[in-house]
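Structure record follows, encoded as structure tokens.
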Amino acid sequence: MVVVVGKREADVLLSDGSAVHLRPITPGDAAAIVEFHSRMSDRTRYLRYFSPYPRIPERDLERFVNVDHRDREAFVIVSGRQIMAVGRYERLGPDSPEAEVAFVVEDAHQGRGIGSVLLEHLADAAQENGILRFVAEVLPQNSGMLRVFSDFGYQVQRKYADGVVHLSFPIAPTEKSREVQDSREQRTEARSIARLLHPRGVAVYGASASGQGIGAAMLAHLRDGGFTGEVVPVHRSAERVAGLPAFRSAVDAGVAVDVALIAVPPDGVADAVADAALAGAGGLVVVSAGFAEAGVEGALAQRALIDAARSAGLRVVGPNCLGVANTDPSVRLNATLAPRLPAAGRVGFFSQSGALGVALLAEAESRGLGLSSFVSAGNRADVSGNDLLQYWQDDPGTDAVLLYLETFGNPRKFARLARRMSRVKPVVAVASATRPPGLAGDLPGPDTNAVTALFARSGVIRVDTVAELFDVGILLAHQPLPAGRRVGVVGNSSALSGLAVAACRANGLVVGEGYPHDVSPEASAHDFADALADAAVDERVDALVVVFAPPLPGQLPDEDADFVAALSSVALAGEKPTVAMFLLGQLPSKVPSYPSVEEAVRALGRVATYAEWLRRPPGVMPALSGVDQDAAEILGPPAELLSAYGIRVEPSTSANDVAEAIAAAAALGYPVALKAAGGALRHRIDLGAVRLALADEDDVRVAYRELAAAFGPHVLVQSMVAPGVACTIDLVEDPAFGPVVGFGLGGVASELLGDRAWRAAPLTDRAAAALVDEPRAAPLLHGYRGSQPVDREALIDLLLRVGRLADEHPRVRALSLNPVLARPDGYAILHASIEVGEPGTRLDTGPRRLRSA
């Protein structure tokens, strides 16, 4: 067996948010292991080796650093060139399914979550090599090590004998161990971002003494924004920069520096990173350009930047980014190129684009949208939107999140985090709804509308433009969620009210009984206030749309302020969400007002869809019978993989001439079906690509001759099965969600109209049920016009199996089951095709690791 050692290297985060590097041990580590051993306390050595073990004998050292990466594996955790921890397993005998596991962490780094990281990666490597179970021996007083095992989510068996605690546990991931892993991932990534957004001190590299250039501008913004921490300009020669004392190195300032703001030319970034690391920084904000966006050489420089940063335990925002900001009054951090920040608020904002960042912040300020924190990721070489979702999930200062996304570095992780995050706080995203061409020939993928629906079903409010991003953001920031989709339209213009009614219908909202309620254009502010108050307490509506045009000059004695006050009192009461198109006076920023009726109603419709999703239970992933995990792990023919998940495809035999077709039919038994085997038309009965109920050799001979003439000599021979409703099930990789499962009914009309539903894998029971019921042609499954309903539960079970296969096998890039004949007594799958890719293409599987740039 050939072991690819390089793929087991990983940058990982510890519990305090710092980055370290994990890699397999090498013979060249011998000297570093001896040094590592010498730094351990007597107690740590005793707890690991059950003896004082003051030095490592040469024979032991040779064995420690030479492993075969199969029966014996060892990983080291390093920061720079220094080893911080070692973990290893050793198989208990040739081809044994058990291995002994042990690890030791240097005293200075204990309590940082290193043991759990080592255990994750050792278990993953062991499983690859056929090991199913770990055993360990731990001294009772080694409470830290015992806690690592007990808190991991494994089913640990304990036995105390001869003064030692003997542990044994299976290492296959469980639902509990995955929950523990995801929880640790969330905490570590959130803490790494917290270090960037709550720095005690910021070192600025690249601020000129003349006050010119990007670095000087950012230093001024940091200083003038009222940052509550220390500002440390680093300059080679100047004594003062922007009125502040300058230092040759950040270390010389003698203050705690948590973030380095780097705005030097690309060739000077490496020196700045090294200096920031010496000062103990936890993160870098690199606004310097000239990296991956500049071509091949820039991409190599970016890779070197990330390698250097992670070697020093640093997270990186950028390069080529706008910067980061935190409006918390206790921080007041403006480490951006924007001279001014929006007011403090409770909305987190992530922008991938550095070029648009200043404009986005200006738009937020003009719309009165207060921000809690802001990050522009630029090239997104390290810190991404996923990291910010992890941070904002538990941030007490953030109630909603806005994302401007251009691409998805880890779509599968985004989908997972978005589903979890959206249950806690709303997420609004500007994201592309397009996808690359199908990954498996003629296999379909979600169209624009389907991708929008995929976002909605993951709880994400997807919008098309930046303007819509702020439209929805303002509503979420200042108004409650609607309890339903019933809308009360109140206004003083029947024309505007009519537009509002039409917009409600177009956005899936229902105009409540008794609405629209139009007050007269001559009505007073008091009359207007009464109408609004009545609608606000009307149990027949869940939200209000207010449309108001100014009366003619001199027609009313009321002041503009009276109408503004009337609307504000209702909108700010917080009982029902209220949106307005109000063309009179200036409304308070907390009253969502829009320049057109359509924009107001569209924002309300998107929020109502999110609120509806939030009210639905999330569903569960039920246990599936007949799934053979061991068989599924073997890379065999596609039919064997499907069979391992309990998915049976009706057998068929390939034939390339009439004699082979007749022989296959005889072997299968009459009656048989004959089908064209190649191309996208193989299932098209309407085009003659399928011949059914062939009763004998003569029927096969005639059918083959006709098929070969029209579609080529390659055919499939298959036994006849009972008729049913033709359905299709597809699995494809989507750029925003990773693997997605699609379901629709067969037929050219369904294909032409794109009548297919999609959900991100893995599927819950509710998601699978919704897939079956969602296509517009779904009534054909439920007894349309007196026909007998199909076995809906069997289809749901099949979809769950496809979803689980997609989740557990990243090498399966695309799959199609077409047709699936659904019947009252179950279903029959007549054809399956699978595209298999490299197993390393999916980034959200296996033990925790930071993604590569």
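Residue numbers start at 1 in each chain; chains themselves are named A, B, ... in the order of the structure tokens; ligands are numbered from 1 in the order shown.
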
Selection near A:Gly268, 12 Å with only C-alpha atoms, sequence-local residues under 3 positions removed, as a PDB file with all heavy atoms, in the first residue's frame:
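Produced file around.pdb, reproduced below:
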ATOM      1  N   TYR A 205       2.477  48.789   9.339  1.00  0.00           N
ATOM      2  CA  TYR A 205       3.667  48.712   8.496  1.00  0.00           C
ATOM      3  C   TYR A 205       3.342  49.367   7.162  1.00  0.00           C
ATOM      4  O   TYR A 205       2.371  48.989   6.490  1.00  0.00           O
ATOM      5  CB  TYR A 205       4.081  47.266   8.268  1.00  0.00           C
ATOM      6  CG  TYR A 205       4.472  46.516   9.526  1.00  0.00           C
ATOM      7  CD1 TYR A 205       3.515  45.952  10.358  1.00  0.00           C
ATOM      8  CD2 TYR A 205       5.813  46.376   9.871  1.00  0.00           C
ATOM      9  CE1 TYR A 205       3.871  45.264  11.516  1.00  0.00           C
ATOM     10  CE2 TYR A 205       6.182  45.688  11.016  1.00  0.00           C
ATOM     11  CZ  TYR A 205       5.206  45.146  11.831  1.00  0.00           C
ATOM     12  OH  TYR A 205       5.570  44.467  12.974  1.00  0.00           O
ATOM     13  N   GLY A 206       4.138  50.352   6.771  1.00  0.00           N
ATOM     14  CA  GLY A 206       3.951  50.987   5.466  1.00  0.00           C
ATOM     15  C   GLY A 206       3.387  52.384   5.529  1.00  0.00           C
ATOM     16  O   GLY A 206       3.080  52.968   4.480  1.00  0.00           O
ATOM     17  N   ARG A 236      11.375  52.390   9.279  1.00  0.00           N
ATOM     18  CA  ARG A 236      12.817  52.108   9.309  1.00  0.00           C
ATOM     19  C   ARG A 236      13.629  53.269   9.859  1.00  0.00           C
ATOM     20  O   ARG A 236      14.669  53.060  10.491  1.00  0.00           O
ATOM     21  CB  ARG A 236      13.314  51.785   7.897  1.00  0.00           C
ATOM     22  CG  ARG A 236      12.799  50.461   7.354  1.00  0.00           C
ATOM     23  CD  ARG A 236      13.334  50.238   5.947  1.00  0.00           C
ATOM     24  NE  ARG A 236      12.877  48.965   5.393  1.00  0.00           N
ATOM     25  CZ  ARG A 236      13.157  48.549   4.154  1.00  0.00           C
ATOM     26  NH1 ARG A 236      13.892  49.333   3.362  1.00  0.00           N
ATOM     27  NH2 ARG A 236      12.715  47.399   3.728  1.00  0.00           N
ATOM     28  N   ILE A 262      -0.623  45.655   7.395  1.00  0.00           N
ATOM     29  CA  ILE A 262       0.511  45.666   6.474  1.00  0.00           C
ATOM     30  C   ILE A 262       0.105  46.318   5.153  1.00  0.00           C
ATOM     31  O   ILE A 262      -0.792  45.833   4.455  1.00  0.00           O
ATOM     32  CB  ILE A 262       1.033  44.242   6.236  1.00  0.00           C
ATOM     33  CG1 ILE A 262       1.497  43.632   7.571  1.00  0.00           C
ATOM     34  CG2 ILE A 262       2.159  44.240   5.220  1.00  0.00           C
ATOM     35  CD1 ILE A 262       1.980  42.200   7.462  1.00  0.00           C
ATOM     36  N   ALA A 263       0.795  47.421   4.822  1.00  0.00           N
ATOM     37  CA  ALA A 263       0.523  48.153   3.579  1.00  0.00           C
ATOM     38  C   ALA A 263       1.831  48.483   2.880  1.00  0.00           C
ATOM     39  O   ALA A 263       2.008  49.580   2.357  1.00  0.00           O
ATOM     40  CB  ALA A 263      -0.279  49.415   3.872  1.00  0.00           C
ATOM     41  N   VAL A 264       2.764  47.546   2.887  1.00  0.00           N
ATOM     42  CA  VAL A 264       4.053  47.744   2.232  1.00  0.00           C
ATOM     43  C   VAL A 264       4.029  47.074   0.868  1.00  0.00           C
ATOM     44  O   VAL A 264       3.147  46.252   0.588  1.00  0.00           O
ATOM     45  CB  VAL A 264       5.198  47.163   3.098  1.00  0.00           C
ATOM     46  CG1 VAL A 264       5.230  47.826   4.461  1.00  0.00           C
ATOM     47  CG2 VAL A 264       5.036  45.645   3.246  1.00  0.00           C
ATOM     48  N   PRO A 265       4.991  47.376  -0.024  1.00  0.00           N
ATOM     49  CA  PRO A 265       5.057  46.669  -1.307  1.00  0.00           C
ATOM     50  C   PRO A 265       5.218  45.164  -1.092  1.00  0.00           C
ATOM     51  O   PRO A 265       5.708  44.719  -0.041  1.00  0.00           O
ATOM     52  CB  PRO A 265       6.302  47.268  -1.975  1.00  0.00           C
ATOM     53  CG  PRO A 265       6.436  48.625  -1.355  1.00  0.00           C
ATOM     54  CD  PRO A 265       5.976  48.469   0.065  1.00  0.00           C
ATOM     55  N   ASP A 271       9.182  40.550   5.530  1.00  0.00           N
ATOM     56  CA  ASP A 271       9.861  41.135   6.689  1.00  0.00           C
ATOM     57  C   ASP A 271       8.850  41.635   7.711  1.00  0.00           C
ATOM     58  O   ASP A 271       9.060  41.493   8.924  1.00  0.00           O
ATOM     59  CB  ASP A 271      10.760  42.290   6.235  1.00  0.00           C
ATOM     60  CG  ASP A 271      11.968  41.805   5.437  1.00  0.00           C
ATOM     61  OD1 ASP A 271      12.325  40.616   5.578  1.00  0.00           O
ATOM     62  OD2 ASP A 271      12.529  42.615   4.676  1.00  0.00           O
ATOM     63  N   ALA A 272       7.741  42.216   7.231  1.00  0.00           N
ATOM     64  CA  ALA A 272       6.711  42.702   8.150  1.00  0.00           C
ATOM     65  C   ALA A 272       6.070  41.552   8.911  1.00  0.00           C
ATOM     66  O   ALA A 272       5.800  41.658  10.120  1.00  0.00           O
ATOM     67  CB  ALA A 272       5.654  43.494   7.382  1.00  0.00           C
ATOM     68  N   VAL A 273       5.830  40.444   8.219  1.00  0.00           N
ATOM     69  CA  VAL A 273       5.243  39.274   8.879  1.00  0.00           C
ATOM     70  C   VAL A 273       6.180  38.757   9.963  1.00  0.00           C
ATOM     71  O   VAL A 273       5.750  38.458  11.092  1.00  0.00           O
ATOM     72  CB  VAL A 273       4.945  38.166   7.847  1.00  0.00           C
ATOM     73  CG1 VAL A 273       4.518  36.872   8.546  1.00  0.00           C
ATOM     74  CG2 VAL A 273       3.859  38.611   6.876  1.00  0.00           C
ATOM     75  N   ALA A 274       7.460  38.661   9.646  1.00  0.00           N
ATOM     76  CA  ALA A 274       8.426  38.161  10.628  1.00  0.00           C
ATOM     77  C   ALA A 274       8.491  39.079  11.841  1.00  0.00           C
ATOM     78  O   ALA A 274       8.555  38.617  12.990  1.00  0.00           O
ATOM     79  CB  ALA A 274       9.800  38.032   9.977  1.00  0.00           C
ATOM     80  N   ASP A 275       8.463  40.385  11.615  1.00  0.00           N
ATOM     81  CA  ASP A 275       8.530  41.325  12.727  1.00  0.00           C
ATOM     82  C   ASP A 275       7.259  41.247  13.582  1.00  0.00           C
ATOM     83  O   ASP A 275       7.336  41.267  14.819  1.00  0.00           O
ATOM     84  CB  ASP A 275       8.704  42.749  12.194  1.00  0.00           C
ATOM     85  CG  ASP A 275       8.963  43.746  13.303  1.00  0.00           C
ATOM     86  OD1 ASP A 275      10.065  43.738  13.878  1.00  0.00           O
ATOM     87  OD2 ASP A 275       8.029  44.510  13.635  1.00  0.00           O
ATOM     88  N   VAL A 286      -3.558  42.332   5.550  1.00  0.00           N
ATOM     89  CA  VAL A 286      -2.635  42.678   4.467  1.00  0.00           C
ATOM     90  C   VAL A 286      -3.428  43.380   3.366  1.00  0.00           C
ATOM     91  O   VAL A 286      -4.167  42.738   2.613  1.00  0.00           O
ATOM     92  CB  VAL A 286      -1.925  41.427   3.918  1.00  0.00           C
ATOM     93  CG1 VAL A 286      -0.906  41.820   2.857  1.00  0.00           C
ATOM     94  CG2 VAL A 286      -1.249  40.653   5.047  1.00  0.00           C
ATOM     95  N   SER A 288      -1.816  45.183   1.095  1.00  0.00           N
ATOM     96  CA  SER A 288      -0.901  45.225  -0.054  1.00  0.00           C
ATOM     97  C   SER A 288      -1.451  44.386  -1.200  1.00  0.00           C
ATOM     98  O   SER A 288      -1.984  43.284  -0.996  1.00  0.00           O
ATOM     99  CB  SER A 288       0.473  44.686   0.346  1.00  0.00           C
ATOM    100  OG  SER A 288       0.979  45.352   1.488  1.00  0.00           O
ATOM    101  N   ALA A 289      -1.323  44.904  -2.419  1.00  0.00           N
ATOM    102  CA  ALA A 289      -1.731  44.180  -3.623  1.00  0.00           C
ATOM    103  C   ALA A 289      -0.496  43.557  -4.273  1.00  0.00           C
ATOM    104  O   ALA A 289       0.626  43.678  -3.776  1.00  0.00           O
ATOM    105  CB  ALA A 289      -2.450  45.110  -4.585  1.00  0.00           C
ATOM    106  N   GLY A 290      -0.713  42.895  -5.421  1.00  0.00           N
ATOM    107  CA  GLY A 290       0.390  42.272  -6.135  1.00  0.00           C
ATOM    108  C   GLY A 290       0.565  40.809  -5.811  1.00  0.00           C
ATOM    109  O   GLY A 290       1.661  40.257  -5.971  1.00  0.00           O
ATOM    110  N   ALA A 301       3.859  34.147  -4.383  1.00  0.00           N
ATOM    111  CA  ALA A 301       4.151  35.032  -3.253  1.00  0.00           C
ATOM    112  C   ALA A 301       3.063  34.936  -2.188  1.00  0.00           C
ATOM    113  O   ALA A 301       3.337  34.981  -0.979  1.00  0.00           O
ATOM    114  CB  ALA A 301       4.285  36.474  -3.742  1.00  0.00           C
ATOM    115  N   LEU A 305       3.410  33.840   1.678  1.00  0.00           N
ATOM    116  CA  LEU A 305       2.873  34.660   2.770  1.00  0.00           C
ATOM    117  C   LEU A 305       2.079  33.824   3.752  1.00  0.00           C
ATOM    118  O   LEU A 305       2.259  33.914   4.976  1.00  0.00           O
ATOM    119  CB  LEU A 305       1.993  35.770   2.177  1.00  0.00           C
ATOM    120  CG  LEU A 305       1.038  36.487   3.150  1.00  0.00           C
ATOM    121  CD1 LEU A 305       1.812  37.238   4.227  1.00  0.00           C
ATOM    122  CD2 LEU A 305       0.111  37.438   2.382  1.00  0.00           C
TER     123      LEU A 305
END

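By chain and then residue number, the residues within 8 Å of A:Asn656 are Ala661, Pro713, His714 and Val715 of chain A, counting only C-alpha atoms and disregarding those fewer than 5 positions away in sequence.
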
Query raised in the report: If we count only C-alpha atoms, what is near stretch 409-420 of chain A at a cut-off of 10 Å, once residues fewer than 6 positions away on the same chain are taken out, given as a PyMOL selection string?
Result: chain A and resi 182+186+380-382+384-387+389-390+393+426-427+454-460+618+733-740+760-762+807+842-845+851-853

Query raised in the report: Can you tell me, as a PyMOL selection string, what residues are no more than 9 Å from A:Leu668 when counting only C-alpha atoms, ignoring any on the same chain fewer than 5 positions away?
Result: chain A and resi 651-653+663+717-719

Alpha helix (DSSP H) per DSSP on the backbone: members of stretch 354-526 of chain A, as an mmCIF file with C-alpha atoms, in the first residue's frame:
data_model
loop_
_atom_site.group_PDB
_atom_site.id
_atom_site.type_symbol
_atom_site.label_atom_id
_atom_site.label_comp_id
_atom_site.auth_asym_id
_atom_site.auth_seq_id
_atom_site.Cartn_x
_atom_site.Cartn_y
_atom_site.Cartn_z
ATOM 1 C CA GLY A 357 -15.486 47.812 0.155
ATOM 2 C CA VAL A 358 -15.342 51.601 0.520
ATOM 3 C CA ALA A 359 -18.476 52.000 -1.592
ATOM 4 C CA LEU A 360 -20.287 49.349 0.435
ATOM 5 C CA LEU A 361 -19.437 51.059 3.719
ATOM 6 C CA ALA A 362 -20.537 54.412 2.313
ATOM 7 C CA GLU A 363 -23.831 52.899 1.185
ATOM 8 C CA ALA A 364 -24.403 51.385 4.624
ATOM 9 C CA GLU A 365 -23.827 54.803 6.190
ATOM 10 C CA SER A 366 -26.168 56.589 3.775
ATOM 11 C CA GLY A 385 -16.803 34.330 5.029
ATOM 12 C CA ASN A 386 -17.030 30.946 6.743
ATOM 13 C CA ASP A 387 -14.720 32.157 9.530
ATOM 14 C CA LEU A 388 -16.886 35.226 10.047
ATOM 15 C CA LEU A 389 -20.054 33.122 10.237
ATOM 16 C CA GLN A 390 -18.380 31.139 13.014
ATOM 17 C CA TYR A 391 -17.529 34.362 14.867
ATOM 18 C CA TRP A 392 -20.862 36.147 14.400
ATOM 19 C CA GLN A 393 -22.870 33.100 15.459
ATOM 20 C CA ASP A 394 -22.148 33.737 19.142
ATOM 21 C CA PRO A 411 -19.022 25.563 -0.523
ATOM 22 C CA ARG A 412 -19.855 22.461 1.470
ATOM 23 C CA LYS A 413 -18.746 24.127 4.687
ATOM 24 C CA PHE A 414 -20.634 27.303 3.798
ATOM 25 C CA ALA A 415 -23.847 25.309 3.356
ATOM 26 C CA ARG A 416 -23.332 23.554 6.693
ATOM 27 C CA LEU A 417 -22.524 26.744 8.588
ATOM 28 C CA ALA A 418 -25.304 28.700 6.903
ATOM 29 C CA ARG A 419 -27.941 26.160 7.935
ATOM 30 C CA ARG A 420 -26.741 26.314 11.530
ATOM 31 C CA MET A 421 -26.191 30.067 11.634
ATOM 32 C CA SER A 422 -29.557 30.913 10.088
ATOM 33 C CA THR A 448 -30.858 30.317 -11.350
ATOM 34 C CA ASN A 449 -34.236 29.942 -9.658
ATOM 35 C CA ALA A 450 -33.252 26.606 -8.150
ATOM 36 C CA VAL A 451 -30.036 28.044 -6.706
ATOM 37 C CA THR A 452 -32.016 30.893 -5.139
ATOM 38 C CA ALA A 453 -34.325 28.288 -3.636
ATOM 39 C CA LEU A 454 -31.331 26.299 -2.366
ATOM 40 C CA PHE A 455 -30.155 29.344 -0.457
ATOM 41 C CA ALA A 456 -33.630 29.880 0.968
ATOM 42 C CA ARG A 457 -33.874 26.265 2.083
ATOM 43 C CA VAL A 466 -26.034 45.288 -3.380
ATOM 44 C CA ALA A 467 -29.105 47.543 -3.236
ATOM 45 C CA GLU A 468 -31.257 44.537 -2.300
ATOM 46 C CA LEU A 469 -28.661 43.496 0.269
ATOM 47 C CA PHE A 470 -29.220 46.765 2.105
ATOM 48 C CA ASP A 471 -32.988 46.702 1.492
ATOM 49 C CA VAL A 472 -33.260 43.436 3.372
ATOM 50 C CA GLY A 473 -30.557 44.314 5.893
ATOM 51 C CA ILE A 474 -32.359 47.460 7.056
ATOM 52 C CA LEU A 475 -35.591 45.536 7.519
ATOM 53 C CA LEU A 476 -33.888 42.804 9.539
ATOM 54 C CA ALA A 477 -31.932 45.307 11.609
ATOM 55 C CA HIS A 478 -34.920 47.348 12.746
ATOM 56 C CA SER A 494 -55.245 53.937 -4.785
ATOM 57 C CA ALA A 495 -52.710 53.760 -7.608
ATOM 58 C CA LEU A 496 -49.821 53.098 -5.240
ATOM 59 C CA SER A 497 -51.945 50.632 -3.250
ATOM 60 C CA GLY A 498 -52.675 48.756 -6.483
ATOM 61 C CA LEU A 499 -48.957 48.534 -7.201
ATOM 62 C CA ALA A 500 -48.386 47.211 -3.690
ATOM 63 C CA VAL A 501 -51.049 44.516 -4.115
ATOM 64 C CA ALA A 502 -49.508 43.387 -7.406
ATOM 65 C CA ALA A 503 -46.033 43.355 -5.848
ATOM 66 C CA CYS A 504 -47.279 41.271 -2.916
ATOM 67 C CA ARG A 505 -48.646 38.629 -5.239
ATOM 68 C CA ALA A 506 -45.430 38.586 -7.264
ATOM 69 C CA ALA A 525 -52.531 62.994 9.719
ATOM 70 C CA HIS A 526 -54.945 61.960 12.466
#

Requested in this report: Going by DSSP on the backbone, which bits of stretch 158-403 of chain A are strand (DSSP E or B)? Write them as a PyMOL selection string, please.
Outcome: chain A and resi 158-161+164-170+201-205+230-234+240-241+244-245+247+259-262+283-286+315-317+323-326+333-336+344-351+371-376+400-403

Query raised in the report: In Å, how far is it from atom CA of A:Asp797 to atom CA of A:Ala632?
Result: 17.9 Å

Requested in this report: Rank A:Phe134, A:Phe103, A:Tyr610, A:Phe75 by their smallest atom-to-atom distance to A:Asp29, using only C-alpha atoms, and report the top residue only.
Outcome: A:Phe75

Query - Between atom CA of A:Ala30 and atom CA of A:Ala277 - distance in Å to one decimal - result: 25.9 Å

**Report entry** Exercise: A:Leu805 partners within 12 Å, only C-alpha atoms, chain neighbours under 6 positions left out, as an MDAnalysis selection string
**Finding:** chainID A and resid 624 627:629 632:633 638 641:647 731 739:741 761:763 798:799 811:815 834

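Excluding stretch 49-52 of chain A itself and same-chain residues fewer than 6 positions from it, the residues having an atom within 10 Å of it are Ser41, Asp42, Arg43, Ala102, Val104, Glu137, Val138, Leu139 and Val164 of chain A, counting only C-alpha atoms.
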
Query - Spatial neighbours of stretch 217-223 of chain A, 9 Å, only C-alpha atoms, chain gap at least 5 places, as a ChimeraX atom specification - result: /A:202,204,207,211-212,231,233,241-242,261,263,323,332-340

How would the residues just picked look written out with C-alpha atoms as a tab-separated table (two decimals), in the first residue's frame?
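Output file selection_32.tsv follows:
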chain	number	residue	atom	x	y	z
A	202	VAL	CA	-2.18	47.39	16.19
A	204	VAL	CA	1.10	49.56	11.19
A	207	ALA	CA	2.77	54.35	6.83
A	211	GLY	CA	1.48	61.24	5.25
A	212	GLN	CA	1.10	60.04	1.65
A	231	VAL	CA	-1.23	52.21	17.76
A	233	PRO	CA	3.74	52.75	13.59
A	241	VAL	CA	4.69	59.14	11.97
A	242	ALA	CA	1.32	60.93	11.93
A	261	LEU	CA	-1.76	46.14	9.51
A	263	ALA	CA	0.52	48.15	3.58
A	323	GLY	CA	-9.29	45.97	6.04
A	332	ARG	CA	-13.58	51.57	17.90
A	333	LEU	CA	-11.30	49.88	15.38
A	334	ASN	CA	-11.15	51.36	11.89
A	335	ALA	CA	-8.32	49.43	10.22
A	336	THR	CA	-9.73	50.07	6.73
A	337	LEU	CA	-9.23	52.33	3.73
A	338	ALA	CA	-12.59	53.99	4.46
A	339	PRO	CA	-12.14	57.36	6.18
A	340	ARG	CA	-15.45	56.94	8.00

Query raised in the report: Of the candidates A:Pro637, A:Pro199, A:Gly368, A:Pro550, which one gets nearest to A:Glu522 if we count only C-alpha atoms?
Result: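 For A:Glu522, the nearest of the given residues is A:Pro550.
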
Residues of stretch 56-146 of chain A at most 10 Å from stretch 7-10 of chain A: nearest atom pair and distance in Å, only C-alpha atoms, as a Markdown table:
| residue | atom | partner | partner_atom | distance |
| --- | --- | --- | --- | --- |
| A:Phe75 | CA | A:Glu9 | CA | 8.9 |
| A:Val76 | CA | A:Glu9 | CA | 9.8 |
| A:Ile77 | CA | A:Ala10 | CA | 9.6 |
| A:His121 | CA | A:Arg8 | CA | 7.9 |
| A:Leu122 | CA | A:Arg8 | CA | 9.6 |
| A:Asp124 | CA | A:Arg8 | CA | 9.2 |
| A:Ala125 | CA | A:Arg8 | CA | 7.7 |

Query raised in the report: Expressed in Å to a single decimal, how great is the separation between atom CA of A:Gln181 and atom CA of A:Ala770?
Result: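 Distance reported for this atom pair: 29.2 Å.
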